[in-house]
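Data file: structure_6.txt. Format and content: compact mmCIF, C-alpha atoms and all ligand atoms.
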# COMPACT_ATOMS: atom_id res chain seq x y z
CA ARG A 227 98.49 81.20 94.11
CA GLN A 228 98.49 82.44 97.66
CA GLY A 229 97.63 79.57 100.00
CA ASN A 230 97.66 76.03 98.64
CA GLY A 231 99.76 75.66 95.51
CA HIS A 232 98.56 72.40 94.04
CA ALA A 233 95.71 70.73 95.80
CA GLY A 234 97.07 68.01 98.04
CA ALA A 235 100.79 68.56 97.46
CA ALA A 236 102.67 70.40 100.22
CA PRO A 237 104.44 73.52 98.93
CA PHE A 238 108.22 73.58 98.97
CA LEU A 239 108.16 76.12 101.78
CA ARG A 240 105.21 77.06 103.93
CA VAL A 241 105.52 79.95 106.35
CA ALA A 242 102.46 80.06 108.62
CA GLY A 243 101.37 82.59 111.22
CA ILE A 244 104.83 83.98 111.99
CA ASP A 245 105.04 86.58 114.77
CA LYS A 246 108.28 88.18 115.88
CA HIS A 247 108.87 90.82 118.48
CA PHE A 248 112.00 92.51 119.75
CA GLY A 249 111.08 93.57 123.27
CA SER A 250 107.80 95.41 122.93
CA PHE A 251 108.34 96.07 119.20
CA GLN A 252 106.31 93.84 116.89
CA ALA A 253 108.54 93.24 113.84
CA LEU A 254 106.32 90.62 112.16
CA SER A 255 102.60 89.90 112.61
CA ASN A 256 100.95 86.72 111.42
CA VAL A 257 103.02 86.33 108.26
CA THR A 258 101.79 83.49 106.07
CA LEU A 259 103.04 82.57 102.62
CA ASP A 260 103.96 79.62 100.41
CA VAL A 261 106.90 79.25 98.06
CA GLU A 262 106.71 76.61 95.33
CA ALA A 263 109.70 74.56 94.18
CA GLY A 264 111.72 76.43 91.55
CA GLU A 265 110.07 79.78 92.25
CA PHE A 266 111.86 83.11 92.58
CA VAL A 267 110.05 85.10 95.28
CA CYS A 268 110.92 88.66 96.33
CA PHE A 269 110.09 90.19 99.71
CA LEU A 270 109.53 93.86 98.88
CA GLY A 271 108.91 96.75 101.24
CA PRO A 272 110.39 99.88 102.76
CA SER A 273 113.22 99.88 105.26
CA GLY A 274 112.15 98.45 108.61
CA CYS A 275 109.08 96.54 107.35
CA GLY A 276 110.54 93.22 108.54
CA LYS A 277 111.81 91.66 105.28
CA SER A 278 115.23 90.73 106.61
CA THR A 279 113.82 89.47 109.88
CA LEU A 280 111.49 87.17 107.94
CA LEU A 281 114.37 85.92 105.79
CA ARG A 282 116.51 85.32 108.88
CA ILE A 283 113.69 83.34 110.48
CA ILE A 284 113.38 81.19 107.35
CA ALA A 285 117.16 80.68 107.45
CA GLY A 286 116.99 79.70 111.14
CA LEU A 287 119.23 82.59 112.20
CA GLU A 288 116.42 84.14 114.22
CA ARG A 289 113.68 82.38 116.21
CA GLN A 290 110.04 83.39 115.72
CA ASN A 291 107.77 83.95 118.72
CA ALA A 292 104.85 82.20 117.07
CA GLY A 293 104.12 80.32 113.86
CA THR A 294 105.72 77.49 111.94
CA ILE A 295 107.89 76.84 108.91
CA HIS A 296 107.48 73.69 106.89
CA SER A 297 109.51 72.47 103.95
CA LEU A 298 107.49 69.94 101.97
CA ASP A 299 106.07 67.80 104.79
CA GLN A 300 108.79 68.48 107.33
CA ASP A 301 108.40 70.94 110.21
CA ILE A 302 111.71 72.82 110.18
CA SER A 303 110.67 75.50 112.70
CA ASP A 304 113.26 74.31 115.23
CA LEU A 305 116.03 73.05 112.96
CA PRO A 306 119.39 74.81 113.32
CA PRO A 307 120.48 76.74 110.19
CA ALA A 308 123.02 74.18 108.97
CA GLN A 309 120.47 71.37 108.99
CA ARG A 310 118.07 73.37 106.82
CA GLN A 311 120.65 73.24 104.00
CA PHE A 312 119.77 76.69 102.73
CA GLY A 313 122.33 78.92 101.00
CA ILE A 314 122.50 82.54 102.14
CA LEU A 315 123.95 85.62 100.48
CA PHE A 316 123.99 89.03 102.15
CA GLN A 317 124.49 92.54 100.87
CA SER A 318 128.14 92.74 101.91
CA TYR A 319 130.19 90.34 99.84
CA ALA A 320 131.56 88.72 102.99
CA LEU A 321 134.37 86.99 101.13
CA PHE A 322 137.44 85.97 103.08
CA PRO A 323 140.01 88.58 102.00
CA ASN A 324 142.95 86.25 102.65
CA LEU A 325 141.51 83.43 100.51
CA ASN A 326 141.53 83.46 96.71
CA VAL A 327 138.46 82.93 94.53
CA ARG A 328 138.93 79.17 94.42
CA GLU A 329 139.37 78.88 98.19
CA ASN A 330 136.39 81.13 98.85
CA ILE A 331 134.10 79.09 96.61
CA VAL A 332 135.16 75.66 97.83
CA TYR A 333 134.83 76.88 101.42
CA GLY A 334 131.13 76.15 101.00
CA LEU A 335 132.00 72.49 100.31
CA ARG A 336 134.35 72.03 103.28
CA ASN A 337 132.01 69.79 105.24
CA ARG A 338 131.18 67.56 102.33
CA GLN A 339 134.25 65.27 102.33
CA LEU A 340 134.26 65.20 98.56
CA PRO A 341 137.17 63.77 96.53
CA ALA A 342 139.49 66.48 95.16
CA SER A 343 138.49 65.69 91.58
CA GLU A 344 134.83 66.29 92.37
CA ILE A 345 135.61 69.57 94.13
CA ASP A 346 137.59 70.65 91.08
CA SER A 347 134.84 69.86 88.64
CA ARG A 348 132.25 71.60 90.84
CA LEU A 349 134.53 74.64 91.08
CA HIS A 350 134.90 74.88 87.31
CA GLU A 351 131.21 74.44 86.77
CA LEU A 352 130.55 77.31 89.20
CA LEU A 353 133.24 79.57 87.70
CA GLU A 354 131.59 79.09 84.36
CA LEU A 355 128.15 79.82 85.78
CA ILE A 356 129.31 83.12 87.29
CA ASP A 357 131.39 83.98 84.24
CA LEU A 358 134.71 84.15 86.12
CA LYS A 359 136.69 81.39 84.47
CA GLY A 360 140.43 81.98 84.83
CA SER A 361 140.04 84.12 87.96
CA GLU A 362 140.38 81.36 90.53
CA LYS A 363 143.78 82.56 91.79
CA LYS A 364 142.69 86.17 92.28
CA TYR A 365 142.05 87.64 95.71
CA PRO A 366 138.86 89.59 96.56
CA ALA A 367 140.73 92.92 96.58
CA GLN A 368 141.65 92.31 92.91
CA LEU A 369 137.97 92.00 91.90
CA SER A 370 135.26 94.60 91.28
CA GLY A 371 132.25 94.75 93.58
CA GLY A 372 130.09 92.92 91.03
CA GLN A 373 132.70 90.18 90.61
CA GLN A 374 133.05 89.77 94.37
CA GLN A 375 129.31 89.39 94.71
CA ARG A 376 129.32 86.74 91.96
CA VAL A 377 132.00 84.82 93.87
CA ALA A 378 129.91 85.09 97.04
CA LEU A 379 126.95 83.78 95.05
CA ALA A 380 129.01 80.82 93.79
CA ARG A 381 130.06 80.08 97.36
CA ALA A 382 126.42 80.13 98.48
CA ILE A 383 125.29 77.74 95.72
CA ALA A 384 128.39 75.46 95.79
CA PRO A 385 126.83 72.94 98.20
CA SER A 386 123.63 72.78 96.05
CA PRO A 387 121.39 74.32 98.70
CA ARG A 388 117.73 73.32 98.78
CA LEU A 389 116.75 76.98 98.96
CA LEU A 390 118.74 80.13 98.18
CA LEU A 391 118.16 83.18 100.41
CA LEU A 392 119.40 86.54 99.14
CA ASP A 393 119.32 89.62 101.39
CA GLU A 394 119.67 92.80 99.29
CA PRO A 395 122.50 91.14 97.32
CA LEU A 396 122.74 93.96 94.78
CA SER A 397 122.26 97.09 96.84
CA ALA A 398 125.96 97.79 97.39
CA LEU A 399 126.66 97.79 93.64
CA ASP A 400 126.44 100.66 91.19
CA ALA A 401 123.41 100.88 88.90
CA LYS A 402 124.86 99.35 85.75
CA VAL A 403 126.48 96.37 87.49
CA ARG A 404 123.27 95.86 89.44
CA VAL A 405 121.12 95.55 86.33
CA HIS A 406 123.58 93.14 84.72
CA LEU A 407 123.84 91.00 87.84
CA ARG A 408 120.05 90.91 88.15
CA GLN A 409 119.90 89.12 84.84
CA GLN A 410 122.80 86.83 85.71
CA ILE A 411 121.23 85.78 89.00
CA ARG A 412 117.87 85.20 87.35
CA ASP A 413 119.39 83.17 84.48
CA LEU A 414 121.41 81.09 86.87
CA GLN A 415 118.43 80.53 89.15
CA ARG A 416 116.32 79.36 86.20
CA ARG A 417 119.06 77.14 84.80
CA LEU A 418 119.55 75.43 88.15
CA GLY A 419 115.84 75.42 89.01
CA LEU A 420 116.91 76.79 92.37
CA THR A 421 114.07 77.89 94.66
CA THR A 422 115.05 81.40 95.71
CA ILE A 423 113.83 84.13 98.05
CA MET A 424 115.30 87.60 97.70
CA VAL A 425 114.82 90.59 100.00
CA THR A 426 114.81 94.00 98.36
CA HIS A 427 113.46 97.51 98.94
CA ASP A 428 113.88 98.26 95.23
CA GLN A 429 110.57 97.86 93.42
CA GLU A 430 112.16 97.72 89.99
CA GLU A 431 114.43 94.91 91.14
CA ALA A 432 111.48 92.97 92.55
CA LEU A 433 109.27 93.47 89.49
CA SER A 434 112.01 92.55 87.04
CA MET A 435 113.26 89.43 88.84
CA ALA A 436 110.43 87.79 90.76
CA ASP A 437 107.93 85.14 89.74
CA ARG A 438 105.92 86.45 92.68
CA VAL A 439 106.32 89.46 94.91
CA VAL A 440 105.43 89.55 98.61
CA ALA A 441 104.70 93.21 99.36
CA MET A 442 105.22 94.00 103.06
CA ARG A 443 104.38 96.93 105.31
CA ASP A 444 104.95 97.31 109.05
CA GLY A 445 105.59 93.62 109.65
CA GLU A 446 102.58 92.42 107.67
CA VAL A 447 102.06 90.99 104.22
CA GLU A 448 99.99 93.44 102.17
CA GLN A 449 99.78 91.49 98.94
CA ILE A 450 101.28 88.44 97.25
CA GLY A 451 101.15 88.31 93.48
CA THR A 452 102.93 88.25 90.16
CA PRO A 453 104.79 91.47 89.31
CA THR A 454 102.09 92.44 86.81
CA ALA A 455 99.30 91.84 89.34
CA ILE A 456 101.14 93.86 91.99
CA TYR A 457 101.68 96.72 89.53
CA HIS A 458 98.37 96.77 87.68
CA THR A 459 95.94 95.69 90.40
CA PRO A 460 97.45 96.71 93.74
CA ARG A 461 95.23 95.64 96.63
CA SER A 462 96.01 98.59 98.87
CA LEU A 463 96.92 102.22 98.51
CA PHE A 464 100.25 101.43 100.14
CA VAL A 465 101.18 98.88 97.44
CA ALA A 466 99.88 101.22 94.73
CA GLY A 467 102.09 104.04 95.96
CA PHE A 468 105.17 101.97 96.81
CA VAL A 469 105.39 100.20 93.47
CA GLY A 470 105.63 102.89 90.83
CA LYS A 471 104.08 106.35 90.67
CA MET A 472 100.36 107.01 91.04
CA ASN A 473 98.09 109.99 90.44
CA ILE A 474 95.65 110.07 93.34
CA PHE A 475 92.32 111.91 93.17
CA PRO A 476 89.57 112.25 95.75
CA GLY A 477 86.44 110.49 94.57
CA HIS A 478 83.09 109.19 95.71
CA VAL A 479 81.31 105.90 95.15
CA LYS A 480 77.56 105.54 95.27
CA ALA A 481 75.50 102.65 93.91
CA GLY A 482 78.52 101.22 92.12
CA ARG A 483 79.38 104.46 90.33
CA LEU A 484 82.62 106.33 90.85
CA THR A 485 82.61 110.10 90.61
CA VAL A 486 85.95 111.86 90.12
CA GLY A 487 85.54 115.56 89.49
CA SER A 488 83.24 115.87 86.48
CA LEU A 489 83.67 112.22 85.48
CA ALA A 490 81.27 109.48 86.60
CA PHE A 491 81.45 105.83 85.60
CA PRO A 492 81.05 102.32 87.06
CA VAL A 493 83.75 101.33 89.58
CA PRO A 494 86.14 99.17 87.53
CA ALA A 495 86.83 95.54 88.50
CA PRO A 496 88.38 94.30 90.76
CA TYR A 497 87.75 97.42 92.86
CA ASP A 498 83.95 97.13 92.83
CA THR A 499 83.94 95.83 96.42
CA PRO A 500 81.76 96.69 99.45
CA GLU A 501 84.70 98.56 101.09
CA ASN A 502 84.73 101.03 98.23
CA GLN A 503 81.67 103.00 99.29
CA GLY A 504 81.38 106.71 99.99
CA ASP A 505 84.63 108.69 99.99
CA VAL A 506 87.43 106.98 98.12
CA LEU A 507 90.75 107.65 96.45
CA ALA A 508 90.86 107.00 92.71
CA CYS A 509 94.34 106.22 91.37
CA LEU A 510 95.73 106.18 87.86
CA ARG A 511 99.31 105.53 86.72
CA PRO A 512 100.93 108.40 84.77
CA GLU A 513 101.58 106.20 81.74
CA GLN A 514 97.83 105.50 81.45
CA VAL A 515 97.06 109.19 80.95
CA ARG A 516 96.79 110.13 77.28
CA LEU A 517 97.14 113.65 75.97
CA CYS A 518 95.38 114.98 72.91
CA ALA A 519 94.69 118.25 71.16
CA PRO A 520 92.55 120.70 73.21
CA ASP A 521 89.80 120.74 70.57
CA ALA A 522 88.99 117.10 71.39
CA THR A 523 87.51 118.06 74.77
CA ALA A 524 83.93 118.64 73.55
CA SER A 525 82.81 115.06 74.31
CA GLY A 526 83.16 115.48 78.09
CA GLU A 527 85.30 112.33 78.18
CA ILE A 528 88.41 114.32 77.43
CA LEU A 529 89.15 117.02 79.99
CA PRO A 530 90.86 120.34 79.36
CA ALA A 531 94.23 120.68 81.10
CA GLN A 532 97.31 122.85 81.14
CA VAL A 533 100.93 121.71 81.18
CA THR A 534 102.77 123.19 84.19
CA HIS A 535 106.07 121.29 84.11
CA LEU A 536 107.89 119.01 81.74
CA GLU A 537 110.69 116.74 82.85
CA PHE A 538 112.90 114.79 80.47
CA LEU A 539 113.70 111.42 82.04
CA GLY A 540 115.65 109.75 79.26
CA SER A 541 113.32 107.07 77.95
CA PHE A 542 110.20 109.18 78.55
CA TRP A 543 108.90 112.65 79.46
CA ARG A 544 106.86 113.34 82.58
CA ALA A 545 104.37 116.18 82.16
CA SER A 546 102.67 117.83 85.14
CA LEU A 547 99.18 119.07 84.40
CA ILE A 548 96.48 121.08 86.10
CA VAL A 549 92.97 119.79 85.40
CA PRO A 550 90.15 122.23 86.30
CA ALA A 551 87.43 119.56 85.89
CA LEU A 552 89.14 117.55 88.64
CA GLY A 553 89.05 120.42 91.13
CA ASN A 554 92.32 121.83 89.78
CA ALA A 555 94.04 118.60 90.72
CA GLU A 556 97.64 118.32 89.67
CA MET A 557 98.51 115.15 87.83
CA SER A 558 101.36 113.53 85.95
CA ALA A 559 101.32 112.04 82.49
CA ASP A 560 104.24 109.99 81.15
CA LEU A 561 104.86 110.48 77.48
CA SER A 562 107.08 108.32 75.27
CA SER A 563 109.19 110.01 72.63
CA ARG A 564 106.66 108.66 70.11
CA ASP A 565 103.85 110.41 72.05
CA MET A 566 105.92 113.60 71.99
CA ALA A 567 106.50 113.28 68.23
CA ASP A 568 102.75 112.81 67.63
CA LEU A 569 101.76 115.70 69.88
CA PRO A 570 104.64 117.89 70.97
CA VAL A 571 103.78 119.68 74.23
CA ALA A 572 105.49 122.52 76.07
CA VAL A 573 105.00 124.18 79.44
CA GLY A 574 101.93 126.46 79.34
CA ASP A 575 100.21 124.50 76.53
CA HIS A 576 96.51 123.78 76.75
CA VAL A 577 95.80 120.12 76.01
CA GLY A 578 93.13 117.50 76.48
CA VAL A 579 93.63 114.59 78.90
CA CYS A 580 91.97 111.25 78.44
CA LEU A 581 91.73 109.09 81.57
CA PRO A 582 90.91 105.46 80.73
CA ARG A 583 88.18 104.57 83.23
CA GLU A 584 88.95 100.84 83.35
CA ARG A 585 92.49 101.63 84.52
CA PHE A 586 91.54 103.34 87.77
CA ALA A 587 92.41 101.64 91.06
CA VAL A 588 90.07 102.58 93.90
CA PHE A 589 90.71 102.49 97.65
CA PRO A 590 88.73 103.60 100.71
CA LEU A 591 89.69 107.11 101.85
CA ALA A 592 90.58 105.57 105.23
CA GLN A 593 93.74 104.16 103.61
CA SER A 594 95.12 107.64 102.90
CA GLY A 595 97.38 107.36 105.97
CA GLN A 596 99.27 104.57 104.19
CA ILE A 597 100.97 106.94 101.77
CA ARG A 598 104.21 108.30 103.22
P1 LIG A 601 116.07 97.05 106.12
O1 LIG A 601 116.04 96.93 104.64
O2 LIG A 601 116.29 98.44 106.60
O3 LIG A 601 116.94 96.03 106.79
P2 LIG A 601 113.86 95.36 106.78
O4 LIG A 601 112.53 95.45 106.18
O5 LIG A 601 114.73 94.25 106.34
O6 LIG A 601 114.59 96.73 106.59
P3 LIG A 601 114.28 94.34 109.40
O7 LIG A 601 115.77 94.41 109.34
O8 LIG A 601 113.64 93.02 109.28
O9 LIG A 601 113.65 95.32 108.34
O10 LIG A 601 113.79 95.02 110.74
C1 LIG A 601 112.43 95.17 111.06
C2 LIG A 601 112.32 95.98 112.34
O11 LIG A 601 112.80 95.20 113.44
C3 LIG A 601 113.15 97.25 112.33
O12 LIG A 601 112.42 98.26 112.93
C4 LIG A 601 114.37 96.91 113.14
O13 LIG A 601 114.86 98.05 113.79
C5 LIG A 601 113.82 95.88 114.12
N1 LIG A 601 114.87 94.90 114.47
C6 LIG A 601 115.46 94.03 113.65
N2 LIG A 601 116.35 93.25 114.31
C7 LIG A 601 116.33 93.66 115.61
C8 LIG A 601 117.01 93.24 116.81
N3 LIG A 601 117.89 92.25 116.78
N4 LIG A 601 116.72 93.92 117.93
C9 LIG A 601 115.80 94.91 117.96
N5 LIG A 601 115.11 95.34 116.88
C10 LIG A 601 115.37 94.73 115.71
Written as structure tokens, how would this file's structure read?
Ligand code: ATP
Amino acid sequence: RQGNGHAGAAPFLRVAGIDKHFGSFQALSNVTLDVEAGEFVCFLGPSGCGKSTLLRIIAGLERQNAGTIHSLDQDISDLPPAQRQFGILFQSYALFPNLNVRENIVYGLRNRQLPASEIDSRLHELLELIDLKGSEKKYPAQLSGGQQQRVALARAIAPSPRLLLLDEPLSALDAKVRVHLRQQIRDLQRRLGLTTIMVTHDQEEALSMADRVVAMRDGEVEQIGTPTAIYHTPRSLFVAGFVGKMNIFPGHVKAGRLTVGSLAFPVPAPYDTPENQGDVLACLRPEQVRLCAPDATASGEILPAQVTHLEFLGSFWRASLIVPALGNAEMSADLSSRDMADLPVAVGDHVGVCLPRERFAVFPLAQSGQIR
């Protein structure tokens, strides 16, 4: 859905051709993307790739050097932040320490000149939404980090913003609270139908929360897609390596056939493109690698391998393997506890590995510099 959402109808937000530089440093280059009404979009990328700068430009807190921002049919490129009516939540809770929960939340409504009864009913609605009923008299210091961030979220959505902008809202919280709050934010966003953009460097957070992910690198958009598209069919080696783990093998493409070590097969879709010619990198996720008994290797489809390491990672095991038929390449295979029950493996074991050919992602060798 990159580009025009529905033919004819303007998207809720259209960011077009945004450039931003700080002195001679180019922080954003020709960034273009659409956000549809009600969508939850995540900007994902490593530190310094320009995610926050892009969010700040959308908020109106930073001015772009080139490009435009439209909301529906209105050009908002030059509107001051307050007139955009967007709600913003940053990583630090940024609550007023001397105001209690109630005062912090209604602070967002201060310019609305609402009758007291309406403010009260809005407050109670919000307290319910963030699951903090009965805490309105508490001060920030009396709340946990997760609770403080929920109050900050309520303050951001109190004025019913047209768009909610979240800049790493969960990164200051510990892992358990973070996962819980992810779900709460997503539920609340869905319930309110609130169009939301969230910045994160955490791929798991982006994949688990977003309707669509905007993967960024060095100030440019690398790929826009659903979490499953980003994960299963990355469009660049950078996205492949940033989102999840990848086994990467040198390969060669000639006349539409991919050769990886002793294996040769047609380049799988959607990687059968003109760029994938000659030397390439063939990538396969560790959970796609299947292990089997060593006596299954006769067919040539299943390659002999040896287990060199075994790591227990809680919900799965990660085996490291050496595969002679792939030029002694080292690779990882992720094994569920069910896999381990079916075929228990130990360090030093000889096994067979089965690499599903249709699951390979293929990129030109020239992209190898993208992996850090
Ligand atoms: P992080 O998660 O670390 O904040 P990010 O992807 O959000 O990363 P930005 O904060 O957007 O990155 O910054 C992008 C680049 O622009 C960085 O290299 C940063 O140092 C630079 N930058 C951002 N703001 C300014 C500024 N006001 N002056 C100079 N350089 C800046």
Padded axis-aligned box of ligand LIG 601 (chain A) (4 Å per side), centre and edge lengths, Å, one decimal, as JSON:
{"center_x": 115.1, "center_y": 95.3, "center_z": 111.3, "size_x": 13.6, "size_y": 14.2, "size_z": 21.3}
If you count all atoms listed in the file, which residues fall within 10 Å of A:Leu489, apart from same-chain ones fewer than 5 positions away, as a count of residues only?
10
Tell me, as a list of chain:residue names, which residues lie within 9 Å of A:Pro590, counting all atoms listed in the file; anything in the same chain fewer than 4 positions away does not count.
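Result of the neighbour search: A:Leu463, A:Glu501, A:Asn502, A:Gln503, A:Gly504, A:Asp505, A:Val506, A:Leu507, A:Ala508, A:Ser594.
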For ligand LIG 601 (chain A), collect every residue having any atom at a distance of at most 10 Å from a ligand atom (counting all atoms listed in the file); output as a PDB file with C-alpha atoms, in the coordinates of the input.
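Below is the file that was written, result.pdb:
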ATOM      1  CA  LYS A 246     108.280  88.180 115.880  1.00  0.00           C
ATOM      2  CA  HIS A 247     108.870  90.820 118.480  1.00  0.00           C
ATOM      3  CA  PHE A 248     112.000  92.510 119.750  1.00  0.00           C
ATOM      4  CA  GLY A 249     111.080  93.570 123.270  1.00  0.00           C
ATOM      5  CA  SER A 250     107.800  95.410 122.930  1.00  0.00           C
ATOM      6  CA  PHE A 251     108.340  96.070 119.200  1.00  0.00           C
ATOM      7  CA  GLN A 252     106.310  93.840 116.890  1.00  0.00           C
ATOM      8  CA  ALA A 253     108.540  93.240 113.840  1.00  0.00           C
ATOM      9  CA  LEU A 254     106.320  90.620 112.160  1.00  0.00           C
ATOM     10  CA  PHE A 269     110.090  90.190  99.710  1.00  0.00           C
ATOM     11  CA  LEU A 270     109.530  93.860  98.880  1.00  0.00           C
ATOM     12  CA  GLY A 271     108.910  96.750 101.240  1.00  0.00           C
ATOM     13  CA  PRO A 272     110.390  99.880 102.760  1.00  0.00           C
ATOM     14  CA  SER A 273     113.220  99.880 105.260  1.00  0.00           C
ATOM     15  CA  GLY A 274     112.150  98.450 108.610  1.00  0.00           C
ATOM     16  CA  CYS A 275     109.080  96.540 107.350  1.00  0.00           C
ATOM     17  CA  GLY A 276     110.540  93.220 108.540  1.00  0.00           C
ATOM     18  CA  LYS A 277     111.810  91.660 105.280  1.00  0.00           C
ATOM     19  CA  SER A 278     115.230  90.730 106.610  1.00  0.00           C
ATOM     20  CA  THR A 279     113.820  89.470 109.880  1.00  0.00           C
ATOM     21  CA  LEU A 280     111.490  87.170 107.940  1.00  0.00           C
ATOM     22  CA  LEU A 281     114.370  85.920 105.790  1.00  0.00           C
ATOM     23  CA  ARG A 282     116.510  85.320 108.880  1.00  0.00           C
ATOM     24  CA  ILE A 283     113.690  83.340 110.480  1.00  0.00           C
ATOM     25  CA  GLU A 288     116.420  84.140 114.220  1.00  0.00           C
ATOM     26  CA  ASP A 393     119.320  89.620 101.390  1.00  0.00           C
ATOM     27  CA  GLU A 394     119.670  92.800  99.290  1.00  0.00           C
ATOM     28  CA  SER A 397     122.260  97.090  96.840  1.00  0.00           C
ATOM     29  CA  VAL A 425     114.820  90.590 100.000  1.00  0.00           C
ATOM     30  CA  THR A 426     114.810  94.000  98.360  1.00  0.00           C
ATOM     31  CA  HIS A 427     113.460  97.510  98.940  1.00  0.00           C
ATOM     32  CA  ASP A 428     113.880  98.260  95.230  1.00  0.00           C
ATOM     33  CA  MET A 442     105.220  94.000 103.060  1.00  0.00           C
ATOM     34  CA  ARG A 443     104.380  96.930 105.310  1.00  0.00           C
ATOM     35  CA  ASP A 444     104.950  97.310 109.050  1.00  0.00           C
ATOM     36  CA  GLY A 445     105.590  93.620 109.650  1.00  0.00           C
TER      37      GLY A 445
END
With distances taken over only C-alpha atoms, which residue among A:His535, A:Lys363, A:His458, A:Arg516 lies nearest A:Tyr497?
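Result for the nearest residue to A:Tyr497: A:His458.
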Provide the atom CA of A:Val405 to atom CA of A:Glu431 distance in Å, to one decimal place.
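Rounded to one decimal, the two atoms are 8.3 Å apart.
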Straight-line distance linking atom CA of A:Leu298 with atom CA of A:Thr454, stated in Å to one decimal
27.7 Å
A:Val465 surroundings by all atoms listed in the file, 12 Å radius, close-in-sequence under 5 positions cut, as a short mmCIF file (atom, residue, chain, number, x, y, z; two decimals) with C-alpha atoms, in the coordinates of the input:
data_model
loop_
_atom_site.label_atom_id
_atom_site.label_comp_id
_atom_site.auth_asym_id
_atom_site.auth_seq_id
_atom_site.Cartn_x
_atom_site.Cartn_y
_atom_site.Cartn_z
CA LEU A 270 109.53 93.86 98.88
CA GLY A 271 108.91 96.75 101.24
CA PRO A 272 110.39 99.88 102.76
CA GLN A 429 110.57 97.86 93.42
CA VAL A 439 106.32 89.46 94.91
CA VAL A 440 105.43 89.55 98.61
CA ALA A 441 104.70 93.21 99.36
CA MET A 442 105.22 94.00 103.06
CA ARG A 443 104.38 96.93 105.31
CA VAL A 447 102.06 90.99 104.22
CA GLU A 448 99.99 93.44 102.17
CA GLN A 449 99.78 91.49 98.94
CA ILE A 450 101.28 88.44 97.25
CA GLY A 451 101.15 88.31 93.48
CA PRO A 453 104.79 91.47 89.31
CA ALA A 455 99.30 91.84 89.34
CA ILE A 456 101.14 93.86 91.99
CA TYR A 457 101.68 96.72 89.53
CA HIS A 458 98.37 96.77 87.68
CA THR A 459 95.94 95.69 90.40
CA PRO A 460 97.45 96.71 93.74
CA GLY A 470 105.63 102.89 90.83
CA LYS A 471 104.08 106.35 90.67
CA MET A 472 100.36 107.01 91.04
CA CYS A 509 94.34 106.22 91.37
CA ALA A 587 92.41 101.64 91.06
CA PHE A 589 90.71 102.49 97.65
CA GLN A 593 93.74 104.16 103.61
CA SER A 594 95.12 107.64 102.90
CA GLN A 596 99.27 104.57 104.19
CA ILE A 597 100.97 106.94 101.77
CA ARG A 598 104.21 108.30 103.22
#
